[in-house]
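Structure data (CSV, N, CA and C atoms) from structure-v9.csv:
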chain,number,residue,atom,x,y,z
A,1,GLN,N,89.9,23.4,159.3
A,1,GLN,CA,91.1,22.7,159.1
A,1,GLN,C,91.9,22.3,160.3
A,2,LEU,N,91.7,23.1,161.4
A,2,LEU,CA,92.4,22.8,162.6
A,2,LEU,C,92.0,21.4,163.1
A,3,SER,N,90.8,21.0,163.0
A,3,SER,CA,90.3,19.7,163.5
A,3,SER,C,90.8,18.6,162.6
A,4,ALA,N,91.1,18.9,161.3
A,4,ALA,CA,91.7,17.9,160.4
A,4,ALA,C,93.1,17.5,160.8
A,5,TYR,N,93.8,18.5,161.4
A,5,TYR,CA,95.2,18.3,161.7
A,5,TYR,C,95.5,18.0,163.2
A,6,THR,N,94.5,18.3,164.1
A,6,THR,CA,94.7,18.2,165.5
A,6,THR,C,93.5,17.5,166.1
A,7,ASP,N,93.5,17.3,167.4
A,7,ASP,CA,92.4,16.7,168.1
A,7,ASP,C,91.4,17.8,168.5
A,8,CYS,N,91.5,18.9,167.9
A,8,CYS,CA,90.6,20.0,168.2
A,8,CYS,C,89.2,19.7,167.7
A,9,CYS,N,88.2,20.0,168.6
A,9,CYS,CA,86.8,19.9,168.3
A,9,CYS,C,86.5,21.1,167.3
A,10,HIS,N,85.7,20.8,166.3
A,10,HIS,CA,85.4,21.9,165.3
A,10,HIS,C,84.9,23.2,166.0
A,11,GLY,N,83.9,23.0,166.8
A,11,GLY,CA,83.3,24.1,167.5
A,11,GLY,C,84.2,24.9,168.4
A,12,ALA,N,85.1,24.2,169.1
A,12,ALA,CA,86.0,24.8,169.9
A,12,ALA,C,87.0,25.6,169.1
A,13,GLY,N,87.4,25.1,168.0
A,13,GLY,CA,88.3,25.8,167.1
A,13,GLY,C,87.7,27.1,166.6
A,14,LEU,N,86.4,27.0,166.2
A,14,LEU,CA,85.7,28.2,165.8
A,14,LEU,C,85.6,29.2,166.9
A,15,ALA,N,85.4,28.8,168.1
A,15,ALA,CA,85.4,29.7,169.3
A,15,ALA,C,86.7,30.5,169.4
A,16,VAL,N,87.8,29.8,169.1
A,16,VAL,CA,89.1,30.5,169.2
A,16,VAL,C,89.3,31.4,168.0
A,17,ILE,N,89.0,30.9,166.8
A,17,ILE,CA,89.4,31.6,165.6
A,17,ILE,C,88.5,32.8,165.3
A,18,HIS,N,87.2,32.7,165.5
A,18,HIS,CA,86.3,33.8,165.1
A,18,HIS,C,86.7,35.2,165.6
A,19,PRO,N,87.0,35.4,166.9
A,19,PRO,CA,87.3,36.7,167.3
A,19,PRO,C,88.5,37.3,166.5
A,20,ALA,N,89.6,36.5,166.4
A,20,ALA,CA,90.8,37.0,165.6
A,20,ALA,C,90.4,37.2,164.2
A,21,TYR,N,89.7,36.3,163.6
A,21,TYR,CA,89.2,36.5,162.2
A,21,TYR,C,88.4,37.8,162.0
A,22,TYR,N,87.4,37.9,162.9
A,22,TYR,CA,86.6,39.1,162.8
A,22,TYR,C,87.4,40.4,163.1
A,23,ARG,N,88.4,40.4,164.0
A,23,ARG,CA,89.2,41.6,164.2
A,23,ARG,C,89.9,41.9,162.9
A,24,THR,N,90.3,40.9,162.1
A,24,THR,CA,91.0,41.1,160.9
A,24,THR,C,90.1,41.8,159.8
A,25,ILE,N,88.8,41.4,159.8
A,25,ILE,CA,88.0,41.8,158.7
A,25,ILE,C,86.9,42.8,159.0
A,26,CYS,N,86.8,43.1,160.3
A,26,CYS,CA,85.6,43.9,160.7
A,26,CYS,C,85.6,45.4,160.1
A,27,GLU,N,86.7,45.9,159.9
A,27,GLU,CA,86.7,47.3,159.3
A,27,GLU,C,86.2,47.3,157.9
A,28,LYS,N,86.5,46.2,157.1
A,28,LYS,CA,86.0,46.1,155.8
A,28,LYS,C,84.5,45.8,155.8
A,29,GLY,N,83.9,45.3,156.8
A,29,GLY,CA,82.5,45.0,156.9
A,29,GLY,C,81.9,45.8,158.1
A,30,ALA,N,82.4,47.0,158.3
A,30,ALA,CA,82.0,47.8,159.4
A,30,ALA,C,80.5,48.0,159.6
A,31,VAL,N,79.8,48.2,158.5
A,31,VAL,CA,78.4,48.4,158.5
A,31,VAL,C,77.7,47.2,159.2
A,32,LYS,N,78.0,46.0,158.8
A,32,LYS,CA,77.4,44.8,159.3
A,32,LYS,C,77.9,44.5,160.7
A,33,PHE,N,79.1,44.7,161.0
A,33,PHE,CA,79.7,44.4,162.3
A,33,PHE,C,79.1,45.5,163.3
A,34,ALA,N,78.9,46.7,162.9
A,34,ALA,CA,78.3,47.7,163.8
A,34,ALA,C,76.9,47.3,164.1
A,35,ARG,N,76.2,46.8,163.1
A,35,ARG,CA,74.8,46.4,163.3
A,35,ARG,C,74.8,45.2,164.3
A,36,PHE,N,75.7,44.3,164.1
A,36,PHE,CA,75.9,43.1,165.0
A,36,PHE,C,76.1,43.6,166.5
A,37,ALA,N,76.9,44.7,166.6
A,37,ALA,CA,77.2,45.2,167.9
A,37,ALA,C,75.9,45.8,168.6
A,38,THR,N,75.1,46.5,167.8
A,38,THR,CA,73.9,47.1,168.4
A,38,THR,C,72.8,46.1,168.6
A,39,ARG,N,72.6,45.3,167.6
A,39,ARG,CA,71.4,44.4,167.6
A,39,ARG,C,71.6,43.2,168.5
A,40,VAL,N,72.8,42.6,168.5
A,40,VAL,CA,73.0,41.4,169.2
A,40,VAL,C,73.5,41.7,170.6
A,41,TRP,N,74.4,42.7,170.8
A,41,TRP,CA,75.0,42.9,172.1
A,41,TRP,C,74.4,44.1,172.8
A,42,GLY,N,73.6,44.9,172.1
A,42,GLY,CA,72.9,46.0,172.7
A,42,GLY,C,73.9,47.2,173.0
A,43,ILE,N,75.0,47.2,172.3
A,43,ILE,CA,76.0,48.3,172.5
A,43,ILE,C,75.4,49.6,171.9
A,44,PRO,N,75.4,50.6,172.7
A,44,PRO,CA,74.8,51.9,172.1
A,44,PRO,C,75.8,52.5,171.1
A,45,ALA,N,75.2,53.0,170.0
A,45,ALA,CA,76.0,53.6,168.9
A,45,ALA,C,76.4,55.0,169.2
A,46,GLU,N,75.7,55.7,170.1
A,46,GLU,CA,76.0,57.1,170.4
A,46,GLU,C,77.5,57.3,170.8
A,47,GLY,N,78.1,58.3,170.1
A,47,GLY,CA,79.5,58.6,170.5
A,47,GLY,C,80.6,57.7,169.9
A,48,ARG,N,80.2,56.7,169.1
A,48,ARG,CA,81.1,55.8,168.5
A,48,ARG,C,81.0,55.9,167.0
A,49,SER,N,82.2,55.8,166.3
A,49,SER,CA,82.2,55.7,164.9
A,49,SER,C,81.7,54.3,164.5
A,50,GLU,N,81.4,54.1,163.2
A,50,GLU,CA,81.0,52.8,162.8
A,50,GLU,C,82.1,51.7,163.0
A,51,VAL,N,83.3,52.1,162.8
A,51,VAL,CA,84.4,51.2,163.0
A,51,VAL,C,84.6,50.9,164.4
A,52,GLU,N,84.5,51.9,165.3
A,52,GLU,CA,84.6,51.7,166.7
A,52,GLU,C,83.5,50.7,167.2
A,53,LEU,N,82.3,50.9,166.7
A,53,LEU,CA,81.2,50.1,167.1
A,53,LEU,C,81.4,48.7,166.6
A,54,ALA,N,82.0,48.5,165.4
A,54,ALA,CA,82.3,47.2,164.8
A,54,ALA,C,83.2,46.5,165.7
A,55,HIS,N,84.3,47.1,166.1
A,55,HIS,CA,85.3,46.5,167.0
A,55,HIS,C,84.7,46.2,168.4
A,56,ALA,N,83.8,47.0,168.9
A,56,ALA,CA,83.2,46.8,170.2
A,56,ALA,C,82.3,45.5,170.1
A,57,GLY,N,81.7,45.3,169.0
A,57,GLY,CA,80.9,44.1,168.8
A,57,GLY,C,81.7,42.8,168.8
A,58,VAL,N,82.9,42.9,168.1
A,58,VAL,CA,83.8,41.8,168.1
A,58,VAL,C,84.3,41.5,169.5
A,59,GLU,N,84.6,42.5,170.2
A,59,GLU,CA,85.1,42.3,171.6
A,59,GLU,C,84.1,41.7,172.5
A,60,ALA,N,82.8,42.1,172.2
A,60,ALA,CA,81.7,41.6,173.0
A,60,ALA,C,81.5,40.1,172.8
A,61,LEU,N,81.7,39.7,171.5
A,61,LEU,CA,81.7,38.3,171.2
A,61,LEU,C,82.8,37.5,171.9
A,62,ALA,N,84.0,38.1,171.8
A,62,ALA,CA,85.2,37.4,172.5
A,62,ALA,C,84.9,37.3,174.0
A,63,ASP,N,84.4,38.3,174.6
A,63,ASP,CA,84.0,38.3,176.0
A,63,ASP,C,83.0,37.2,176.3
A,64,PHE,N,82.0,37.1,175.5
A,64,PHE,CA,81.0,36.1,175.6
A,64,PHE,C,81.5,34.7,175.5
A,65,ILE,N,82.4,34.5,174.6
A,65,ILE,CA,83.1,33.2,174.4
A,65,ILE,C,83.8,32.8,175.7
A,66,ARG,N,84.5,33.8,176.3
A,66,ARG,CA,85.3,33.5,177.5
A,66,ARG,C,84.3,33.3,178.7
A,67,GLU,N,83.2,34.1,178.7
A,67,GLU,CA,82.2,33.9,179.8
A,67,GLU,C,81.6,32.5,179.8
A,68,LEU,N,81.4,31.9,178.6
A,68,LEU,CA,80.8,30.6,178.5
A,68,LEU,C,81.8,29.5,178.9
A,69,GLY,N,83.1,29.9,179.0
A,69,GLY,CA,84.1,28.9,179.4
A,69,GLY,C,84.7,28.2,178.2
A,70,LEU,N,84.4,28.7,177.0
A,70,LEU,CA,84.9,28.1,175.8
A,70,LEU,C,86.4,28.5,175.7
A,71,PRO,N,87.2,27.7,175.0
A,71,PRO,CA,88.6,28.0,174.8
A,71,PRO,C,88.7,29.3,174.0
A,72,ALA,N,89.7,30.1,174.4
A,72,ALA,CA,90.0,31.4,173.7
A,72,ALA,C,91.3,31.5,173.0
A,73,THR,N,92.1,30.4,173.2
A,73,THR,CA,93.4,30.4,172.5
A,73,THR,C,93.7,29.0,172.0
A,74,LEU,N,94.6,28.9,171.0
A,74,LEU,CA,94.9,27.6,170.5
A,74,LEU,C,95.7,26.8,171.5
A,75,ARG,N,96.4,27.4,172.4
A,75,ARG,CA,97.1,26.7,173.5
A,75,ARG,C,96.1,26.0,174.4
A,76,GLU,N,94.9,26.6,174.6
A,76,GLU,CA,93.9,25.9,175.4
A,76,GLU,C,93.4,24.7,174.7
A,77,LEU,N,93.6,24.6,173.4
A,77,LEU,CA,93.2,23.4,172.7
A,77,LEU,C,94.4,22.4,172.5
A,78,GLY,N,95.5,22.7,173.2
A,78,GLY,CA,96.6,21.8,173.3
A,78,GLY,C,97.7,22.1,172.2
A,79,MET,N,97.5,23.2,171.4
A,79,MET,CA,98.5,23.5,170.4
A,79,MET,C,99.6,24.3,170.9
A,80,THR,N,100.8,24.2,170.2
A,80,THR,CA,102.0,24.9,170.6
A,80,THR,C,102.6,25.4,169.4
A,81,GLU,N,103.8,26.0,169.6
A,81,GLU,CA,104.6,26.5,168.5
A,81,GLU,C,105.0,25.3,167.5
A,82,GLN,N,104.9,24.1,168.0
A,82,GLN,CA,105.3,22.9,167.2
A,82,GLN,C,104.1,22.5,166.3
A,83,THR,N,102.9,23.0,166.6
A,83,THR,CA,101.7,22.6,165.8
A,83,THR,C,102.0,23.2,164.4
A,84,PRO,N,101.8,22.4,163.3
A,84,PRO,CA,102.2,22.8,162.0
A,84,PRO,C,101.2,23.9,161.4
A,85,LEU,N,101.2,25.1,162.0
A,85,LEU,CA,100.2,26.1,161.6
A,85,LEU,C,100.4,26.5,160.1
A,86,GLU,N,101.7,26.5,159.6
A,86,GLU,CA,101.9,26.9,158.2
A,86,GLU,C,101.3,25.9,157.3
A,87,GLU,N,101.4,24.6,157.6
A,87,GLU,CA,100.8,23.5,156.8
A,87,GLU,C,99.3,23.6,156.9
A,88,ILE,N,98.8,23.9,158.1
A,88,ILE,CA,97.3,24.0,158.2
A,88,ILE,C,96.8,25.2,157.4
A,89,ALA,N,97.5,26.3,157.5
A,89,ALA,CA,97.1,27.5,156.7
A,89,ALA,C,97.2,27.2,155.2
A,90,GLY,N,98.2,26.4,154.8
A,90,GLY,CA,98.3,26.1,153.4
A,90,GLY,C,97.2,25.2,152.9
A,91,SER,N,96.5,24.5,153.8
A,91,SER,CA,95.5,23.6,153.4
A,91,SER,C,94.1,24.2,153.4
A,92,VAL,N,94.0,25.5,153.8
A,92,VAL,CA,92.7,26.2,153.9
A,92,VAL,C,92.2,26.6,152.5
A,93,MET,N,91.0,26.2,152.2
A,93,MET,CA,90.4,26.6,150.9
A,93,MET,C,90.1,28.1,151.0
A,94,LEU,N,90.7,28.9,150.1
A,94,LEU,CA,90.5,30.3,150.0
A,94,LEU,C,89.6,30.6,148.9
A,95,THR,N,88.6,31.5,149.2
A,95,THR,CA,87.6,31.8,148.2
A,95,THR,C,87.4,33.4,148.2
A,96,ASP,N,87.0,33.9,147.1
A,96,ASP,CA,86.7,35.3,147.0
A,96,ASP,C,85.4,35.6,147.6
A,97,GLY,N,85.2,36.8,148.0
A,97,GLY,CA,83.9,37.2,148.6
A,97,GLY,C,84.0,37.6,150.0
A,98,GLY,N,82.9,37.8,150.6
A,98,GLY,CA,82.9,38.3,152.0
A,98,GLY,C,83.5,39.7,152.1
A,99,TYR,N,84.4,39.8,153.0
A,99,TYR,CA,85.0,41.1,153.2
A,99,TYR,C,86.5,41.2,152.8
A,100,GLY,N,86.7,40.8,151.6
A,100,GLY,CA,88.0,40.8,151.0
A,100,GLY,C,88.6,39.4,150.9
A,101,HIS,N,89.6,39.3,150.1
A,101,HIS,CA,90.3,38.0,149.9
A,101,HIS,C,91.4,37.8,150.9
A,102,LEU,N,91.3,36.8,151.6
A,102,LEU,CA,92.4,36.4,152.6
A,102,LEU,C,93.5,35.6,151.8
A,103,THR,N,94.7,35.8,152.1
A,103,THR,CA,95.8,35.0,151.6
A,103,THR,C,96.2,33.9,152.6
A,104,ARG,N,97.0,33.0,152.2
A,104,ARG,CA,97.5,32.0,153.2
A,104,ARG,C,98.3,32.7,154.3
A,105,ASP,N,99.0,33.7,154.0
A,105,ASP,CA,99.7,34.5,155.0
A,105,ASP,C,98.7,35.1,156.0
A,106,ASP,N,97.6,35.6,155.5
A,106,ASP,CA,96.6,36.2,156.4
A,106,ASP,C,96.0,35.1,157.3
A,107,VAL,N,95.8,33.9,156.8
A,107,VAL,CA,95.3,32.8,157.6
A,107,VAL,C,96.3,32.4,158.7
A,108,LEU,N,97.5,32.3,158.2
A,108,LEU,CA,98.6,32.0,159.2
A,108,LEU,C,98.7,33.1,160.3
A,109,ALA,N,98.6,34.3,159.9
A,109,ALA,CA,98.7,35.4,160.9
A,109,ALA,C,97.5,35.3,161.9
A,110,ILE,N,96.3,35.0,161.4
A,110,ILE,CA,95.2,34.8,162.3
A,110,ILE,C,95.5,33.6,163.3
A,111,PHE,N,96.0,32.5,162.7
A,111,PHE,CA,96.3,31.4,163.6
A,111,PHE,C,97.3,31.8,164.7
A,112,LYS,N,98.3,32.6,164.3
A,112,LYS,CA,99.4,33.0,165.2
A,112,LYS,C,98.8,33.9,166.3
A,113,MET,N,97.8,34.8,165.9
A,113,MET,CA,97.1,35.6,166.9
A,113,MET,C,96.4,34.8,167.9
A,114,CYS,N,96.0,33.6,167.5
A,114,CYS,CA,95.2,32.8,168.4
A,114,CYS,C,96.0,31.9,169.4
A,115,LEU,N,97.3,31.8,169.1
A,115,LEU,CA,98.2,31.0,170.0
A,115,LEU,C,98.2,31.6,171.4
Exercise: express the given structure as structure tokens:
Amino acid sequence: QLSAYTDCCHGAGLAVIHPAYYRTICEKGAVKFARFATRVWGIPAEGRSEVELAHAGVEALADFIRELGLPATLRELGMTEQTPLEEIAGSVMLTDGGYGHLTRDDVLAIFKMCL
């Protein structure tokens, strides 16, 4: 939806949003996010709870995005406090499934985390 309302490239928007989104849901999907941490990023599981490992995997992804030089904030995509984030959040199609139901307020909070 960001690219529908702004000049944001779809992939760049995903690079910004995914870490914040995953931080929001990773505890609900800790088993899969922990597996992501160990299998994709090679993070050792020893000494970490499943939730700690899940968060470590998300942070490894965020670090990788920055290492690639991709944008990490909405500001880097030219957005400001004047960007109609409430309107954009209101236009997001919300579906059940995944790791819990997100509300429009949840989506708006994720956008604000990304500023």
Selection near region 88-98 of chain A, 6 Å with all atoms listed in the file, sequence-local residues under 3 positions removed, as a list in words: Pro84, Leu85, His101, Arg104, Val107 and Leu108 of chain A
What would the file look like if the residues just selected were written as a short mmCIF file (atom, residue, chain, number, x, y, z; two decimals), in the frame of the given file with N, CA and C atoms?
data_model
loop_
_atom_site.label_atom_id
_atom_site.label_comp_id
_atom_site.auth_asym_id
_atom_site.auth_seq_id
_atom_site.Cartn_x
_atom_site.Cartn_y
_atom_site.Cartn_z
N PRO A 84 101.80 22.40 163.30
CA PRO A 84 102.20 22.80 162.00
C PRO A 84 101.20 23.90 161.40
N LEU A 85 101.20 25.10 162.00
CA LEU A 85 100.20 26.10 161.60
C LEU A 85 100.40 26.50 160.10
N HIS A 101 89.60 39.30 150.10
CA HIS A 101 90.30 38.00 149.90
C HIS A 101 91.40 37.80 150.90
N ARG A 104 97.00 33.00 152.20
CA ARG A 104 97.50 32.00 153.20
C ARG A 104 98.30 32.70 154.30
N VAL A 107 95.80 33.90 156.80
CA VAL A 107 95.30 32.80 157.60
C VAL A 107 96.30 32.40 158.70
N LEU A 108 97.50 32.30 158.20
CA LEU A 108 98.60 32.00 159.20
C LEU A 108 98.70 33.10 160.30
#
Interatomic distance between atom N of Arg75 (chain A) and atom N of Leu115 (chain A)? 5.6 Å
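Of note, atom N of Arg48 (chain A) and atom C of Leu61 (chain A) are spaced 19.6 Å apart.
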Need the shell around Tyr22 (chain A): protein/DNA/RNA residues with any atom at most 10 Å away, counting only C-alpha atoms. Skip same-chain ones fewer than 5 positions apart. Format as a short mmCIF file (atom, residue, chain, number, x, y, z; two decimals) with N, CA and C atoms, in the frame of the given file?
data_model
loop_
_atom_site.label_atom_id
_atom_site.label_comp_id
_atom_site.auth_asym_id
_atom_site.auth_seq_id
_atom_site.Cartn_x
_atom_site.Cartn_y
_atom_site.Cartn_z
N ILE A 17 89.00 30.90 166.80
CA ILE A 17 89.40 31.60 165.60
C ILE A 17 88.50 32.80 165.30
N GLU A 27 86.70 45.90 159.90
CA GLU A 27 86.70 47.30 159.30
C GLU A 27 86.20 47.30 157.90
N LYS A 28 86.50 46.20 157.10
CA LYS A 28 86.00 46.10 155.80
C LYS A 28 84.50 45.80 155.80
N GLY A 29 83.90 45.30 156.80
CA GLY A 29 82.50 45.00 156.90
C GLY A 29 81.90 45.80 158.10
N PHE A 33 79.10 44.70 161.00
CA PHE A 33 79.70 44.40 162.30
C PHE A 33 79.10 45.50 163.30
N ALA A 54 82.00 48.50 165.40
CA ALA A 54 82.30 47.20 164.80
C ALA A 54 83.20 46.50 165.70
N HIS A 55 84.30 47.10 166.10
CA HIS A 55 85.30 46.50 167.00
C HIS A 55 84.70 46.20 168.40
N GLY A 57 81.70 45.30 169.00
CA GLY A 57 80.90 44.10 168.80
C GLY A 57 81.70 42.80 168.80
N VAL A 58 82.90 42.90 168.10
CA VAL A 58 83.80 41.80 168.10
C VAL A 58 84.30 41.50 169.50
N GLU A 59 84.60 42.50 170.20
CA GLU A 59 85.10 42.30 171.60
C GLU A 59 84.10 41.70 172.50
N LEU A 61 81.70 39.70 171.50
CA LEU A 61 81.70 38.30 171.20
C LEU A 61 82.80 37.50 171.90
N ALA A 62 84.00 38.10 171.80
CA ALA A 62 85.20 37.40 172.50
C ALA A 62 84.90 37.30 174.00
N TYR A 99 84.40 39.80 153.00
CA TYR A 99 85.00 41.10 153.20
C TYR A 99 86.50 41.20 152.80
N ILE A 110 96.30 35.00 161.40
CA ILE A 110 95.20 34.80 162.30
C ILE A 110 95.50 33.60 163.30
#
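From CA of Ala45 (chain A) back to CA of Tyr21 (chain A), the distance works out to 22.6 Å.
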Selected residue, from A:Val31, A:Met113, A:Ala4, A:Ile25, that lies nearest to Thr73 (chain A) when counting only N, CA and C atoms: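 Between A:Val31, A:Met113, A:Ala4, A:Ile25, the residue approaching Thr73 (chain A) most closely is A:Met113.
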Report as a ChimeraX atom specification: the residues of chain A with a DSSP assignment of helix (DSSP H, G or I), based on the backbone of this structure. /A:2-5,10-25,30-41,50-67,75-77,85-91,104-114
I need the residue nearest Ile43 (chain A) from this list: A:Arg66, A:Cys8, A:Thr24, A:Ala56. Use only C-alpha atoms for the distance.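 Ranking A:Arg66, A:Cys8, A:Thr24, A:Ala56 by distance to Ile43 (chain A), first place goes to A:Ala56.
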Since fewer atoms than expected are present, regenerate N, CA, C and O atoms for region 68-80 of chain A and write them as a short mmCIF file (atom, residue, chain, number, x, y, z; two decimals), in the coordinates of the input.
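Result saved to part.cif:
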data_model
loop_
_atom_site.label_atom_id
_atom_site.label_comp_id
_atom_site.auth_asym_id
_atom_site.auth_seq_id
_atom_site.Cartn_x
_atom_site.Cartn_y
_atom_site.Cartn_z
N LEU A 68 81.40 31.90 178.60
CA LEU A 68 80.80 30.60 178.50
C LEU A 68 81.80 29.50 178.90
O LEU A 68 81.45 28.36 179.01
N GLY A 69 83.10 29.90 179.00
CA GLY A 69 84.10 28.90 179.40
C GLY A 69 84.70 28.20 178.20
O GLY A 69 85.32 27.16 178.35
N LEU A 70 84.40 28.70 177.00
CA LEU A 70 84.90 28.10 175.80
C LEU A 70 86.40 28.50 175.70
O LEU A 70 86.84 29.48 176.20
N PRO A 71 87.20 27.70 175.00
CA PRO A 71 88.60 28.00 174.80
C PRO A 71 88.70 29.30 174.00
O PRO A 71 87.92 29.64 173.12
N ALA A 72 89.70 30.10 174.40
CA ALA A 72 90.00 31.40 173.70
C ALA A 72 91.30 31.50 173.00
O ALA A 72 91.60 32.43 172.33
N THR A 73 92.10 30.40 173.20
CA THR A 73 93.40 30.40 172.50
C THR A 73 93.70 29.00 172.00
O THR A 73 93.08 27.99 172.45
N LEU A 74 94.60 28.90 171.00
CA LEU A 74 94.90 27.60 170.50
C LEU A 74 95.70 26.80 171.50
O LEU A 74 95.59 25.54 171.57
N ARG A 75 96.40 27.40 172.40
CA ARG A 75 97.10 26.70 173.50
C ARG A 75 96.10 26.00 174.40
O ARG A 75 96.38 24.90 174.89
N GLU A 76 94.90 26.60 174.60
CA GLU A 76 93.90 25.90 175.40
C GLU A 76 93.40 24.70 174.70
O GLU A 76 92.77 23.84 175.39
N LEU A 77 93.60 24.60 173.40
CA LEU A 77 93.20 23.40 172.70
C LEU A 77 94.40 22.40 172.50
O LEU A 77 94.28 21.43 171.84
N GLY A 78 95.50 22.70 173.20
CA GLY A 78 96.60 21.80 173.30
C GLY A 78 97.70 22.10 172.20
O GLY A 78 98.58 21.27 171.97
N MET A 79 97.50 23.20 171.40
CA MET A 79 98.50 23.50 170.40
C MET A 79 99.60 24.30 170.90
O MET A 79 99.50 24.98 171.92
N THR A 80 100.80 24.20 170.20
CA THR A 80 102.00 24.90 170.60
C THR A 80 102.60 25.40 169.40
O THR A 80 102.12 25.29 168.28
#
